[in-house]
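Data block for input30.txt (compact mmCIF, C-alpha atoms and all ligand atoms):
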```txt
# COMPACT_ATOMS: atom_id res chain seq x y z
CA MET A 1 7.33 -6.69 -10.69
CA SER A 2 5.85 -9.50 -8.64
CA SER A 3 2.28 -10.62 -9.25
CA ASP A 4 1.69 -10.66 -5.48
CA PRO A 5 -0.69 -7.71 -4.88
CA THR A 6 0.98 -6.85 -1.57
CA ILE A 7 4.43 -6.67 -3.09
CA SER A 8 3.10 -4.70 -6.05
CA ALA A 9 1.57 -2.11 -3.75
CA LEU A 10 4.85 -1.77 -1.90
CA ASP A 11 6.72 -1.51 -5.19
CA ALA A 12 4.44 1.40 -6.03
CA LEU A 13 5.53 2.96 -2.77
CA SER A 14 9.15 2.33 -3.64
CA ALA A 15 8.64 3.87 -7.09
CA GLY A 16 7.29 6.98 -5.39
CA VAL A 17 10.38 7.42 -3.24
CA SER A 18 12.43 9.31 -5.82
CA THR A 19 9.71 11.91 -6.40
CA ILE A 20 8.33 12.18 -2.91
CA GLY A 21 11.14 14.41 -1.71
CA ALA A 22 9.67 17.25 -3.77
CA LEU A 23 6.22 16.89 -2.22
CA PRO A 24 4.92 19.27 0.44
CA ALA A 25 6.03 18.17 3.86
CA SER A 26 2.85 18.95 5.74
CA SER A 27 2.46 15.36 6.78
CA VAL A 28 5.70 15.46 8.72
CA ARG A 29 5.17 15.89 12.42
CA ARG A 30 8.57 17.20 13.31
CA PRO A 31 8.51 20.50 15.18
CA ASP A 32 10.50 22.14 12.36
CA ALA A 33 8.06 20.93 9.71
CA ARG A 34 6.23 24.23 9.49
CA LYS A 35 9.39 26.19 8.73
CA ARG A 36 10.37 23.79 5.99
CA ARG A 37 6.87 23.53 4.60
CA ALA A 38 6.66 26.93 2.93
CA THR A 39 9.71 26.41 0.71
CA ASP A 40 8.70 22.86 -0.15
CA ARG A 41 5.27 24.05 -1.15
CA LEU A 42 6.62 26.80 -3.33
CA ALA A 43 8.78 24.21 -5.06
CA THR A 44 5.69 22.09 -5.65
CA LEU A 45 3.97 24.97 -7.45
CA ASN A 46 6.58 24.57 -10.16
CA PRO A 47 8.21 21.22 -9.47
CA THR A 48 10.15 20.93 -12.73
CA ALA A 49 11.77 24.35 -12.56
CA MET A 50 12.82 24.25 -8.91
CA PRO A 51 14.36 20.99 -7.76
CA THR A 52 14.66 21.20 -3.99
CA LYS A 53 17.74 20.23 -2.04
CA ARG A 54 15.79 17.32 -0.60
CA SER A 55 14.74 15.96 -3.96
CA ARG A 56 18.35 15.98 -5.16
CA THR A 57 19.80 14.25 -2.14
CA ILE A 58 17.04 11.68 -1.99
CA ALA A 59 17.79 10.51 -5.54
CA SER A 60 21.06 8.95 -4.38
CA PRO A 61 20.66 5.51 -2.76
CA ALA A 62 23.61 6.16 -0.42
CA HIS A 63 21.99 9.34 0.82
CA LEU A 64 18.65 7.60 1.01
CA GLU A 65 20.09 4.99 3.35
CA ARG A 66 21.72 7.57 5.59
CA GLU A 67 18.97 10.16 5.65
CA THR A 68 15.87 8.00 5.84
CA GLY A 69 15.06 8.51 9.48
CA MET A 70 11.88 7.43 11.19
CA ASP A 71 10.06 10.64 10.24
CA ASP A 72 10.95 10.26 6.58
CA ILE A 73 9.66 6.69 6.46
CA TYR A 74 6.55 7.78 8.30
CA GLU A 75 6.05 10.63 5.81
CA LYS A 76 6.49 8.42 2.75
CA ILE A 77 4.01 5.80 3.94
CA TYR A 78 1.62 8.52 5.14
CA VAL A 79 1.70 10.42 1.82
CA ALA A 80 1.27 7.15 -0.13
CA ILE A 81 -1.88 6.45 1.91
CA LEU A 82 -3.16 10.02 1.45
CA GLU A 83 -2.60 9.79 -2.30
CA HIS A 84 -4.35 6.40 -2.50
CA ARG A 85 -1.17 4.73 -3.75
CA LEU A 86 -1.36 2.42 -0.73
CA HIS A 87 -4.91 1.15 -0.45
CA PRO A 88 -6.86 0.30 2.72
CA GLY A 89 -6.18 -3.31 3.68
CA THR A 90 -2.75 -3.47 2.00
CA LYS A 91 -0.32 -5.61 3.99
CA LEU A 92 2.73 -3.61 5.04
CA VAL A 93 5.45 -6.24 5.02
CA GLU A 94 8.11 -5.18 7.53
CA GLU A 95 10.96 -6.91 5.71
CA ARG A 96 10.03 -5.41 2.33
CA LEU A 97 9.71 -1.88 3.74
CA ALA A 98 13.07 -2.27 5.50
CA GLU A 99 14.58 -3.22 2.13
CA ILE A 100 12.90 -0.35 0.25
CA PHE A 101 13.99 2.29 2.75
CA GLY A 102 17.36 0.71 3.56
CA VAL A 103 16.73 0.59 7.30
CA SER A 104 16.38 -2.09 9.96
CA ARG A 105 13.13 -3.97 10.53
CA ALA A 106 13.10 -2.58 14.06
CA ARG A 107 12.88 0.95 12.70
CA VAL A 108 10.05 -0.01 10.33
CA ARG A 109 8.28 -1.68 13.26
CA GLU A 110 8.58 1.55 15.24
CA VAL A 111 6.97 3.56 12.42
CA LEU A 112 4.17 1.03 12.01
CA ALA A 113 3.51 1.04 15.75
CA ARG A 114 3.21 4.83 15.67
CA MET A 115 0.79 4.63 12.75
CA ALA A 116 -1.20 1.96 14.57
CA HIS A 117 -1.43 4.28 17.55
CA GLU A 118 -2.96 6.85 15.20
CA HIS A 119 -5.36 4.24 13.75
CA ILE A 120 -3.91 4.62 10.24
CA VAL A 121 -2.43 1.12 10.40
CA GLU A 122 -3.92 -1.99 11.94
CA LEU A 123 -1.63 -4.49 13.67
CA VAL A 124 -3.01 -8.03 13.53
CA PRO A 125 -1.35 -10.47 15.96
CA GLN A 126 0.59 -13.24 14.16
CA ARG A 127 -0.20 -11.68 10.77
CA GLY A 128 1.41 -8.27 10.64
CA ALA A 129 0.50 -4.69 9.76
CA TYR A 130 -2.16 -3.54 7.33
CA VAL A 131 -3.32 -0.14 6.11
CA ALA A 132 -6.51 0.42 8.14
CA ARG A 133 -9.90 -0.33 6.62
CA PRO A 134 -12.38 1.77 8.60
CA SER A 135 -15.81 0.15 8.86
CA ILE A 136 -18.97 2.06 7.90
CA GLU A 137 -19.67 2.66 11.58
CA GLN A 138 -16.13 4.04 12.08
CA ALA A 139 -16.57 6.20 8.98
CA MET A 140 -19.74 7.74 10.42
CA ASP A 141 -17.94 8.28 13.73
CA VAL A 142 -15.20 10.16 11.86
CA PHE A 143 -17.72 12.58 10.34
CA GLU A 144 -19.51 13.05 13.66
CA ALA A 145 -16.18 13.94 15.29
CA ARG A 146 -15.29 16.31 12.45
CA ARG A 147 -18.62 18.11 12.82
CA LEU A 148 -17.77 18.75 16.48
CA ILE A 149 -14.10 19.65 16.08
CA GLU A 150 -13.96 21.73 12.90
CA PRO A 151 -16.37 24.51 13.95
CA ALA A 152 -14.37 24.82 17.19
CA LEU A 153 -11.14 25.07 15.17
CA LEU A 154 -12.69 27.78 12.98
CA ARG A 155 -13.74 29.82 16.03
CA ARG A 156 -10.26 29.57 17.50
CA LEU A 157 -8.61 30.42 14.20
CA ILE A 158 -10.78 33.51 13.70
CA GLU A 159 -10.12 34.67 17.29
CA THR A 160 -6.37 34.51 16.66
CA LEU A 161 -6.42 35.49 12.99
CA THR A 162 -3.50 37.36 11.39
CA PRO A 163 -2.93 38.37 7.74
CA GLU A 164 -0.16 35.73 7.63
CA LYS A 165 -2.62 32.98 8.57
CA VAL A 166 -5.03 34.04 5.82
CA ALA A 167 -2.13 34.11 3.36
CA ARG A 168 -1.11 30.60 4.42
CA LEU A 169 -4.65 29.29 3.80
CA ARG A 170 -4.76 30.97 0.39
CA GLN A 171 -1.37 29.49 -0.47
CA GLN A 172 -2.63 26.01 0.44
CA HIS A 173 -5.75 26.56 -1.66
CA GLU A 174 -3.63 27.71 -4.60
CA LEU A 175 -1.67 24.42 -4.49
CA GLU A 176 -4.95 22.53 -4.54
CA MET A 177 -6.25 24.59 -7.48
CA ASP A 178 -2.98 24.00 -9.32
CA ALA A 179 -3.42 20.23 -8.86
CA ARG A 180 -7.00 20.54 -10.14
CA ARG A 181 -5.82 22.44 -13.21
CA ARG A 182 -3.31 19.66 -13.90
CA ASP A 183 -6.02 17.08 -13.12
CA ASP A 184 -3.54 15.37 -10.79
CA LYS A 185 -6.03 13.24 -8.88
CA ARG A 186 -3.53 11.96 -6.31
CA ALA A 187 -2.41 15.46 -5.44
CA ILE A 188 -6.03 16.70 -5.36
CA VAL A 189 -7.14 14.13 -2.78
CA ARG A 190 -4.05 14.77 -0.63
CA LEU A 191 -4.09 18.56 -0.85
CA SER A 192 -7.82 18.88 -0.25
CA GLY A 193 -7.40 16.81 2.92
CA GLU A 194 -4.42 18.94 3.90
CA PHE A 195 -6.54 22.08 3.70
CA HIS A 196 -8.30 20.88 6.84
CA THR A 197 -5.10 19.96 8.70
CA VAL A 198 -3.44 23.27 7.78
CA LEU A 199 -6.51 25.08 9.09
CA ALA A 200 -6.25 23.06 12.32
CA ASP A 201 -2.51 23.82 12.65
CA LEU A 202 -3.20 27.54 12.22
CA ALA A 203 -5.89 27.46 14.91
CA GLY A 204 -3.05 26.77 17.34
CA ASN A 205 -4.38 24.04 19.63
CA SER A 206 -1.93 21.14 19.37
CA ALA A 207 -4.33 18.51 20.78
CA LEU A 208 -7.11 19.46 18.36
CA SER A 209 -4.58 19.67 15.57
CA ARG A 210 -3.42 16.08 16.22
CA SER A 211 -7.00 14.85 16.31
CA MET A 212 -7.76 16.65 13.05
CA ARG A 213 -4.78 15.06 11.33
CA GLU A 214 -5.92 11.60 12.35
CA LEU A 215 -9.52 12.31 11.30
CA SER A 216 -8.34 13.71 7.98
CA THR A 217 -6.27 10.59 7.22
CA LEU A 218 -9.17 8.32 8.19
CA THR A 219 -11.45 10.39 5.92
CA CYS A 220 -9.01 9.74 3.10
CA LEU A 221 -9.21 5.97 3.68
CA VAL A 222 -13.00 6.20 3.99
CA ILE A 223 -13.25 8.08 0.67
CA PHE A 224 -11.24 5.35 -1.02
CA LEU A 225 -13.44 2.60 0.45
CA TYR A 226 -16.89 4.13 0.16
CA ASP A 227 -16.67 6.68 -2.65
CA ALA A 228 -19.73 6.64 -4.88
CA PRO A 229 -18.73 6.59 -8.57
CA THR A 230 -19.74 10.23 -9.07
CA ALA A 231 -18.23 11.56 -5.84
CA THR A 232 -15.49 14.11 -5.38
CA SER A 233 -13.76 14.41 -2.01
CA CYS A 234 -13.67 18.12 -1.20
CA ARG A 235 -15.20 20.64 -3.58
CA ALA A 236 -12.61 23.32 -4.28
CA ASP A 237 -15.09 26.20 -4.46
CA GLU A 238 -16.26 25.35 -0.93
CA HIS A 239 -12.73 25.71 0.45
CA SER A 240 -12.42 29.16 -1.13
CA GLN A 241 -15.76 30.24 0.36
CA ILE A 242 -14.63 29.06 3.80
CA ILE A 243 -11.37 31.04 3.44
CA GLU A 244 -13.31 34.18 2.51
CA ALA A 245 -15.59 33.82 5.56
CA ILE A 246 -12.50 33.37 7.77
CA ALA A 247 -10.83 36.43 6.22
CA LYS A 248 -13.95 38.48 7.06
CA ARG A 249 -13.92 37.02 10.60
CA ASP A 250 -17.49 35.86 10.04
CA VAL A 251 -17.59 32.96 12.52
CA ALA A 252 -21.25 32.05 11.93
CA ARG A 253 -20.86 31.87 8.16
CA ALA A 254 -17.54 29.97 8.34
CA GLU A 255 -19.08 27.38 10.68
CA LYS A 256 -22.18 27.01 8.53
CA LEU A 257 -20.11 26.56 5.37
CA MET A 258 -17.86 24.00 7.07
CA LEU A 259 -20.80 21.92 8.29
CA GLU A 260 -22.35 22.02 4.81
CA HIS A 261 -18.98 21.05 3.34
CA LEU A 262 -18.73 18.01 5.67
CA ASP A 263 -22.33 17.07 4.78
CA HIS A 264 -21.40 17.17 1.09
CA ILE A 265 -18.37 14.91 1.60
CA GLU A 266 -20.30 12.43 3.74
CA GLY A 267 -23.29 12.61 1.41
CA SER A 268 -21.14 11.68 -1.58
CA LEU A 269 -20.14 8.40 0.08
CA LYS A 270 -22.08 5.18 0.12
CA LEU A 271 -22.28 4.76 3.89
CA ASP A 272 -25.29 2.51 3.69
CA SER A 273 -24.94 -0.49 6.00
CA THR A 274 -26.84 -2.71 3.57
CA THR A 275 -23.88 -2.56 1.18
CA GLU A 276 -21.62 -4.14 3.80
CA GLN A 277 -23.88 -6.89 5.11
CA VAL A 278 -25.33 -9.01 2.36
CA ASP A 279 -28.74 -10.44 3.11
CA LEU A 280 -28.21 -14.01 1.89
CA ALA A 281 -31.80 -14.99 2.63
CA ALA A 282 -33.08 -12.21 0.35
CA ILE A 283 -30.69 -13.24 -2.44
CA PHE A 284 -31.88 -16.88 -2.46
CA ARG A 285 -35.56 -16.20 -1.64
CA SER A 286 -36.75 -16.27 -5.24
ZN ZN B 1 -12.52 20.03 2.39
```
How does the structure come out when it is put into C-alpha cells?
Amino acid sequence: MSSDPTISALDALSAGVSTIGALPASSVRRPDARKRRATDRLATLNPTAMPTKRSRTIASPAHLERETGMDDIYEKIYVAILEHRLHPGTKLVEERLAEIFGVSRARVREVLARMAHEHIVELVPQRGAYVARPSIEQAMDVFEARRLIEPALLRRLIETLTPEKVARLRQQHELEMDARRRDDKRAIVRLSGEFHTVLADLAGNSALSRSMRELSTLTCLVIFLYDAPTATSCRADEHSQIIEAIAKRDVARAEKLMLEHLDHIEGSLKLDSTTEQVDLAAIFRS
C-alpha cells in the first residue's frame, strides 16, 4: 500500500468493495431502492449465514466492471463516508477511483459532480474533488435546519402512520442495536444516521426526504470532525423512545424527544469557534 495518505484512503475504499454489496442499500437513491432494501437489511442481520445475490456477483471483477453503474459507485463512496472510512478532506482522485471501480473517468466525474451538488464533496478548481469538511458555522447551520425539519417530518409521519411504517422503524432500530451488540463502530455511526433518513422517507415528502439525507450525511462528517473524545453520535435508547412516541401517535412527545435528541448530539460536539481560530497573540503574550 502506498504511503500517500490520499491513495491509502482510496485503497481502504477499494478494500471495502468486496463486502459492501452485503450492506443495507438505504443510501441508494434509485426509485427501486426501497423494495430492495428490506431483503438487504435482513441479510445484514445475519451476514455470514445469508450471502445475498449482490454480494456474490460483486466478488467477481468481471461482474464488478459490468455492473458498477453510477448509482453503485455513488453508494460505495457514500457508505464509505458514512462509515468514516473516507475522512473529511480526503482527496478523491478521479483516475484512482476509475481504476478501483473499473469505469471511465467521465463516469467518476459525474458521480463526484452529483455529490458536490449535495455538498458531500467539494470541487476545488484546478485541484480536484475532496470529501467535504464542513466548517463550525456550517455544522451549526446543519443542526438548526434539522431542528426545523425533523419535527415537521415527525408530524407528517404520525398523520400518515401505518403498522407497516412502525414495523419498518423497529426493523431499522434492530439493525442498529445489532451493530451495538457487535460493537461495530462503523455500522453504528452509519445505521444511527440512517434512522433519521428512514424516518424521513416514511414521512412521504420527497423534498424533505432529500434535504434530510443531505443533512444526515453532513452530520456524519461533522461528527467525525468535531466529536469530543467522550461523545457518541446518536444514543440508541433515544431512538427507541422516539419510535414508541410515534407508535402511540403522540406528536408532542415525539417532537420533544427529537429536539432533545438533536441537542444531545450537538452538545456532544466541540463546536466552539475558539478551537478553529487560534489566537496567536494570546499564545505569545507571556
Ligand atoms: Zn439519532
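Interatomic distance, CA of Lys248 in chain A to atom ZN of ligand ZN 1 (chain B): 19.1 Å.
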Closest atom pairs, residues of chain A within 10 Å of ligand ZN 1 (chain B), all atoms listed in the file, as a Markdown table:
```
| residue | atom | partner | partner_atom | distance |
| --- | --- | --- | --- | --- |
| A:Val189 | CA | B:ZN1 | ZN | 9.5 |
| A:Leu191 | CA | B:ZN1 | ZN | 9.2 |
| A:Ser192 | CA | B:ZN1 | ZN | 5.5 |
| A:Gly193 | CA | B:ZN1 | ZN | 6.1 |
| A:Glu194 | CA | B:ZN1 | ZN | 8.3 |
| A:Phe195 | CA | B:ZN1 | ZN | 6.5 |
| A:His196 | CA | B:ZN1 | ZN | 6.2 |
| A:Thr197 | CA | B:ZN1 | ZN | 9.7 |
| A:Ser216 | CA | B:ZN1 | ZN | 9.4 |
| A:Ser233 | CA | B:ZN1 | ZN | 7.2 |
| A:Cys234 | CA | B:ZN1 | ZN | 4.2 |
| A:Arg235 | CA | B:ZN1 | ZN | 6.6 |
| A:Ala236 | CA | B:ZN1 | ZN | 7.4 |
| A:Asp237 | CA | B:ZN1 | ZN | 9.6 |
| A:Glu238 | CA | B:ZN1 | ZN | 7.3 |
| A:His239 | CA | B:ZN1 | ZN | 6.0 |
| A:Ser240 | CA | B:ZN1 | ZN | 9.8 |
| A:Ile242 | CA | B:ZN1 | ZN | 9.4 |
| A:Met258 | CA | B:ZN1 | ZN | 8.1 |
| A:His261 | CA | B:ZN1 | ZN | 6.6 |
| A:Leu262 | CA | B:ZN1 | ZN | 7.3 |
| A:His264 | CA | B:ZN1 | ZN | 9.4 |
| A:Ile265 | CA | B:ZN1 | ZN | 7.8 |
```
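Between CA of Glu176 in chain A and CA of His117 in chain A lies a distance of 28.9 Å.
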Point-to-point distance in Å for CA of Ala129 in chain A and CA of Leu92 in chain A: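 Between CA of Leu92 in chain A and CA of Ala129 in chain A the gap works out to 5.3 Å.
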Residue with smallest distance to Val131 in chain A - pool A:Pro163, A:Pro151, A:Pro88, A:Gly102, counting all atoms listed in the file: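 Of A:Pro163, A:Pro151, A:Pro88, A:Gly102, the one nearest Val131 in chain A, counting all atoms listed in the file, is A:Pro88.
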All residues 12 Å or closer to Met212 in chain A, only C-alpha atoms, same chain fewer than 3 positions away omitted, as a PyMOL selection string: chain A and resi 118+142-143+145-153+193-209+215-219
Residues within 12 Å of Ser135 in chain A, only C-alpha atoms, excluding chain neighbours under 4 positions, as a ChimeraX atom specification: /A:88-89,139-142,218-219,221-223,225-226,270-273,275-277
Residue nearest Val124 in chain A - candidates A:Lys91, A:Lys76, A:His173, A:Arg249, atoms counted: all atoms listed in the file: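 Among A:Lys91, A:Lys76, A:His173, A:Arg249, it is A:Lys91 that comes nearest to Val124 in chain A.
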